[in-house]
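S.K.: Got a file for you: upload39.csv, CSV, C-alpha atoms.
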```csv
chain,number,residue,atom,x,y,z
A,1,MET,CA,-170.6,-287.3,-15.3
A,2,ALA,CA,-173.1,-286.0,-18.0
A,3,LEU,CA,-171.2,-287.1,-21.1
A,4,ASP,CA,-174.5,-287.3,-23.1
A,5,ASP,CA,-174.6,-283.5,-23.4
A,6,PRO,CA,-174.9,-282.7,-27.2
A,7,GLU,CA,-171.9,-280.3,-27.0
A,8,ILE,CA,-169.7,-282.9,-25.4
A,9,ARG,CA,-170.8,-285.6,-27.9
A,10,ALA,CA,-170.1,-283.2,-30.8
A,11,ASP,CA,-166.6,-282.6,-29.5
A,12,ALA,CA,-166.0,-286.3,-29.3
A,13,ARG,CA,-167.3,-286.9,-32.8
A,14,ALA,CA,-165.2,-284.0,-34.1
A,15,LEU,CA,-162.0,-285.4,-32.5
A,16,GLN,CA,-162.8,-288.8,-34.0
A,17,ALA,CA,-163.3,-287.2,-37.4
A,18,TYR,CA,-160.0,-285.4,-37.0
A,19,ALA,CA,-158.3,-288.8,-36.2
A,20,GLU,CA,-159.8,-290.1,-39.4
A,21,GLY,CA,-158.4,-287.3,-41.5
A,22,ALA,CA,-161.4,-284.9,-41.9
A,23,LYS,CA,-160.5,-281.4,-42.9
A,24,GLY,CA,-161.3,-278.3,-40.9
A,25,VAL,CA,-162.2,-280.2,-37.7
A,26,ALA,CA,-159.0,-279.2,-35.9
A,27,GLU,CA,-159.7,-275.5,-36.5
A,28,ALA,CA,-163.2,-275.8,-35.1
A,29,LEU,CA,-162.1,-277.7,-32.0
A,30,SER,CA,-159.2,-275.3,-31.5
A,31,ALA,CA,-161.5,-272.2,-31.8
A,32,ARG,CA,-163.7,-273.8,-29.1
A,33,HIS,CA,-161.1,-274.9,-26.6
A,34,THR,CA,-157.9,-272.9,-27.0
A,35,PRO,CA,-159.3,-269.7,-25.4
A,36,ARG,CA,-160.3,-271.6,-22.3
A,37,VAL,CA,-157.0,-273.4,-22.1
A,38,LEU,CA,-155.1,-270.2,-22.7
A,39,ALA,CA,-157.0,-268.4,-19.9
A,40,LEU,CA,-156.3,-271.2,-17.4
A,41,ALA,CA,-152.6,-271.2,-18.3
A,42,TYR,CA,-152.5,-267.5,-18.0
A,43,HIS,CA,-154.1,-267.6,-14.5
A,44,MET,CA,-151.6,-270.3,-13.4
A,45,LEU,CA,-148.5,-268.8,-14.9
A,46,GLY,CA,-149.2,-265.0,-15.0
A,47,ASP,CA,-147.3,-264.7,-18.3
A,48,ARG,CA,-149.1,-264.4,-21.6
A,49,VAL,CA,-146.3,-265.7,-23.8
A,50,GLU,CA,-145.7,-268.7,-21.6
A,51,ALA,CA,-149.5,-269.3,-21.4
A,52,GLU,CA,-149.6,-269.4,-25.2
A,53,ASP,CA,-146.8,-272.0,-25.3
A,54,VAL,CA,-148.7,-274.1,-22.8
A,55,ALA,CA,-152.0,-273.8,-24.7
A,56,GLN,CA,-150.3,-274.8,-27.9
A,57,GLU,CA,-148.6,-277.8,-26.3
A,58,ALA,CA,-151.9,-278.9,-24.7
A,59,MET,CA,-153.7,-278.7,-28.1
A,60,MET,CA,-150.8,-280.6,-29.8
A,61,ARG,CA,-151.2,-283.4,-27.2
A,62,LEU,CA,-154.9,-283.5,-28.0
A,63,TRP,CA,-154.2,-284.0,-31.7
A,64,LYS,CA,-151.6,-286.7,-30.8
A,65,ILE,CA,-154.1,-288.8,-28.7
A,66,ALA,CA,-157.0,-288.3,-31.1
A,67,PRO,CA,-156.7,-291.8,-32.6
A,68,ASP,CA,-156.8,-293.4,-29.1
A,69,TRP,CA,-159.6,-291.2,-27.7
A,70,GLU,CA,-162.2,-293.3,-25.9
A,71,ASP,CA,-165.6,-291.6,-26.4
A,72,GLY,CA,-167.6,-291.5,-23.2
A,73,ARG,CA,-164.7,-291.8,-20.8
A,74,ALA,CA,-164.0,-288.1,-20.3
A,75,ARG,CA,-164.9,-284.6,-21.6
A,76,ILE,CA,-162.3,-283.2,-24.0
A,77,SER,CA,-162.5,-279.9,-22.0
A,78,THR,CA,-161.7,-281.7,-18.8
A,79,TRP,CA,-158.8,-283.6,-20.4
A,80,LEU,CA,-157.4,-280.4,-21.8
A,81,TYR,CA,-157.7,-278.6,-18.4
A,82,ARG,CA,-155.9,-281.5,-16.7
A,83,VAL,CA,-153.1,-281.5,-19.3
A,84,THR,CA,-152.8,-277.7,-19.1
A,85,ALA,CA,-152.7,-277.8,-15.3
A,86,ASN,CA,-149.9,-280.4,-15.5
A,87,LEU,CA,-147.9,-278.4,-18.0
A,88,CYS,CA,-148.2,-275.3,-15.9
A,89,THR,CA,-147.2,-277.2,-12.8
A,90,ASP,CA,-144.1,-278.5,-14.6
A,91,ARG,CA,-143.2,-274.9,-15.7
A,92,LEU,CA,-143.7,-273.5,-12.2
A,93,ARG,CA,-141.6,-276.3,-10.7
A,94,LYS,CA,-138.8,-275.6,-13.2
A,95,ARG,CA,-138.9,-271.9,-12.2
A,96,GLY,CA,-138.6,-273.0,-8.6
A,97,ARG,CA,-140.6,-270.0,-7.5
A,98,GLN,CA,-143.9,-268.3,-8.2
A,99,VAL,CA,-144.4,-265.7,-10.9
A,100,PRO,CA,-143.3,-262.2,-10.0
A,101,LEU,CA,-146.1,-259.8,-10.6
A,102,GLU,CA,-144.0,-257.5,-12.8
A,103,ALA,CA,-143.6,-260.3,-15.3
A,104,ALA,CA,-147.4,-260.6,-15.9
A,105,GLY,CA,-148.9,-258.1,-18.4
A,106,GLU,CA,-152.5,-257.1,-17.9
A,107,PRO,CA,-155.0,-257.8,-20.5
A,108,PRO,CA,-156.8,-254.7,-21.8
A,109,ASP,CA,-160.0,-253.8,-19.8
A,110,PRO,CA,-162.9,-253.0,-22.1
A,111,THR,CA,-164.7,-250.7,-19.5
A,112,PRO,CA,-165.0,-247.2,-20.9
A,113,GLY,CA,-163.8,-244.6,-18.3
A,114,ALA,CA,-160.1,-244.1,-17.4
A,115,GLU,CA,-160.8,-244.1,-13.7
A,116,ALA,CA,-162.8,-247.4,-14.0
A,117,GLN,CA,-159.9,-248.9,-16.0
A,118,MET,CA,-157.4,-247.9,-13.4
A,119,ALA,CA,-159.5,-249.3,-10.6
A,120,ALA,CA,-160.1,-252.5,-12.5
A,121,LYS,CA,-156.3,-252.8,-13.2
A,122,ASP,CA,-155.5,-252.2,-9.5
A,123,ARG,CA,-158.0,-254.9,-8.5
A,124,ALA,CA,-156.8,-257.4,-11.1
A,125,ALA,CA,-153.1,-256.8,-10.1
A,126,ALA,CA,-153.9,-257.2,-6.4
A,127,LEU,CA,-155.9,-260.4,-7.1
A,128,LYS,CA,-153.2,-261.8,-9.3
A,129,ALA,CA,-150.6,-261.1,-6.7
A,130,ALA,CA,-152.8,-262.6,-4.0
A,131,LEU,CA,-153.5,-265.6,-6.2
A,132,ALA,CA,-149.8,-266.1,-6.9
A,133,ARG,CA,-149.1,-266.4,-3.2
A,134,LEU,CA,-151.6,-269.3,-2.8
A,135,PRO,CA,-150.3,-272.8,-2.8
A,136,GLU,CA,-150.4,-274.3,-6.3
A,137,SER,CA,-153.4,-276.6,-5.6
A,138,GLN,CA,-155.5,-273.8,-4.1
A,139,ARG,CA,-154.6,-271.5,-7.0
A,140,LEU,CA,-155.7,-274.1,-9.5
A,141,ALA,CA,-158.9,-274.9,-7.8
A,142,VAL,CA,-159.9,-271.2,-7.3
A,143,SER,CA,-158.9,-270.3,-10.8
A,144,LEU,CA,-161.0,-273.2,-12.3
A,145,ARG,CA,-164.0,-272.4,-10.1
A,146,HIS,CA,-164.1,-268.6,-10.1
A,147,LEU,CA,-162.2,-267.5,-13.1
A,148,GLU,CA,-163.0,-270.4,-15.5
A,149,GLU,CA,-166.4,-271.0,-14.0
A,150,ARG,CA,-166.1,-274.7,-13.8
A,151,GLY,CA,-168.3,-276.8,-11.5
A,152,ASN,CA,-166.8,-278.6,-8.5
A,153,PRO,CA,-167.3,-282.1,-10.0
A,154,GLU,CA,-165.4,-281.2,-13.1
A,155,ILE,CA,-162.7,-279.6,-11.1
A,156,ALA,CA,-162.5,-282.7,-9.0
A,157,GLU,CA,-162.0,-284.7,-12.2
A,158,ILE,CA,-159.4,-282.3,-13.5
A,159,MET,CA,-157.4,-282.3,-10.3
A,160,GLN,CA,-158.0,-286.0,-9.6
A,161,LEU,CA,-159.5,-285.3,-6.2
A,162,SER,CA,-162.8,-285.8,-4.5
A,163,VAL,CA,-165.4,-283.1,-4.7
A,164,GLU,CA,-165.0,-282.5,-0.9
A,165,ALA,CA,-161.3,-282.0,-1.3
A,166,VAL,CA,-161.9,-279.5,-4.1
A,167,GLU,CA,-164.4,-277.6,-1.9
A,168,SER,CA,-161.9,-277.5,0.9
A,169,LEU,CA,-159.2,-276.2,-1.5
A,170,ILE,CA,-161.5,-273.5,-2.8
A,171,ALA,CA,-162.6,-272.5,0.7
A,172,ARG,CA,-159.0,-272.3,1.9
A,173,GLY,CA,-157.9,-270.4,-1.2
A,174,LYS,CA,-160.7,-267.9,-0.8
A,175,ARG,CA,-159.7,-267.4,2.9
A,176,GLY,CA,-156.1,-266.9,1.7
A,177,LEU,CA,-157.2,-264.3,-0.9
A,178,ARG,CA,-159.4,-262.5,1.7
A,179,ALA,CA,-156.5,-262.3,4.1
A,180,ALA,CA,-154.1,-261.1,1.4
A,181,LEU,CA,-156.5,-258.4,0.2
A,182,GLU,CA,-158.0,-257.5,3.6
A,183,ASP,CA,-155.8,-254.4,4.1
A,184,ARG,CA,-156.6,-253.1,0.6
A,185,ALA,CA,-160.3,-254.3,0.3
A,186,GLU,CA,-161.8,-250.8,0.7
A,187,SER,CA,-159.4,-249.1,-1.7
A,188,LEU,CA,-159.9,-251.8,-4.2
A,189,SER,CA,-163.7,-251.7,-3.9
A,190,TYR,CA,-163.9,-255.3,-2.7
A,191,ARG,CA,-166.8,-255.3,-0.3
A,192,ASP,CA,-167.6,-258.9,0.6
A,193,ASP,CA,-165.5,-261.2,-1.4
A,194,PRO,CA,-162.4,-260.7,-3.6
A,195,ILE,CA,-163.7,-263.2,-6.1
```
How does the structure come out when it is put into structure tokens?
M.R.:
Amino acid sequence: MALDDPEIRADARALQAYAEGAKGVAEALSARHTPRVLALAYHMLGDRVEAEDVAQEAMMRLWKIAPDWEDGRARISTWLYRVTANLCTDRLRKRGRQVPLEAAGEPPDPTPGAEAQMAAKDRAAALKAALARLPESQRLAVSLRHLEERGNPEIAEIMQLSVEAVESLIARGKRGLRAALEDRAESLSYRDDPI
């Protein structure tokens, strides 16, 4: 684990400063980490409002543990992803089922043409539906790897698994996505890989 990265060290110093009462530090850390936490929660839950609740809860937990944070033990981002994943898992279990596609709103697509926007929405909706059908652990691993662009070692740390187990989950998840999207691959303009 490369915890000597200047960005990681800056996060740890900022969290320590927050714990010591420094002003403005929470805003900076929130601005840096909340969008990533929110994106992961949205990928897991498929509901923007629920994802915002989870992101807020994850950040609140970070502030609560700030005085006890042990610098050098973990990345703040990794800790936040783990907490977010756990909060999402709790919500999914309380639901007792996976998210219906209709409940998930699509984020606006910045591409210019109407046809391109419709095609992108169709692909996103199909991917979201296929992702929602994956087992929870595969969905989390695939989301972290391909949607959040995290490396396998960090995912392994977040999921508390070996790197090999993460690689296996990602491979099985991608196979599941391919199978789910196979019939629509051409109409959705997926050529080789849905992700």
S.K.: Could you please determine the separation between atom CA of Cys88 of chain A and atom CA of His146 of chain A in Å, to one decimal place?
M.R.: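 So the two atoms, atom CA of Cys88 of chain A and atom CA of His146 of chain A, lie 18.2 Å apart.
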S.K.: Using all atoms listed in the file, which residues sit within 9 Å of Arg133 of chain A once same-chain residues fewer than 4 positions away are excluded, as a list in words?
M.R.: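 Using all atoms listed in the file, the neighbours found are Gln98, Lys128, Ala129, Arg139, Gly176, Leu177 and Ala180 of chain A.
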S.K.: Excluding Gly173 of chain A and residues on its chain fewer than 6 positions from it, collect all residues at most 10 Å away from it, counting all atoms listed in the file, and give them as a compact mmCIF listing (two decimals) with C-alpha atoms, in the frame of the given file.
M.R.:
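Produced file part-v2.txt, reproduced below:
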```
# COMPACT_ATOMS: atom_id res chain seq x y z
CA ALA A 130 -152.80 -262.60 -4.00
CA LEU A 131 -153.50 -265.60 -6.20
CA ARG A 133 -149.10 -266.40 -3.20
CA LEU A 134 -151.60 -269.30 -2.80
CA PRO A 135 -150.30 -272.80 -2.80
CA GLU A 136 -150.40 -274.30 -6.30
CA SER A 137 -153.40 -276.60 -5.60
CA GLN A 138 -155.50 -273.80 -4.10
CA ARG A 139 -154.60 -271.50 -7.00
CA LEU A 140 -155.70 -274.10 -9.50
CA ALA A 141 -158.90 -274.90 -7.80
CA VAL A 142 -159.90 -271.20 -7.30
CA SER A 143 -158.90 -270.30 -10.80
CA GLU A 167 -164.40 -277.60 -1.90
CA ALA A 179 -156.50 -262.30 4.10
```
S.K.: What is the atom CA of Thr78 of chain A to atom CA of Glu154 of chain A distance in Å?
M.R.: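 Computing the Euclidean distance for atom CA of Thr78 of chain A and atom CA of Glu154 of chain A yields 6.8 Å.
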S.K.: I'd like to know which of A:Ser162, A:Leu92, A:Glu27, A:Ala119 is closest to Glu186 of chain A, using only C-alpha atoms.
M.R.: A:Ala119
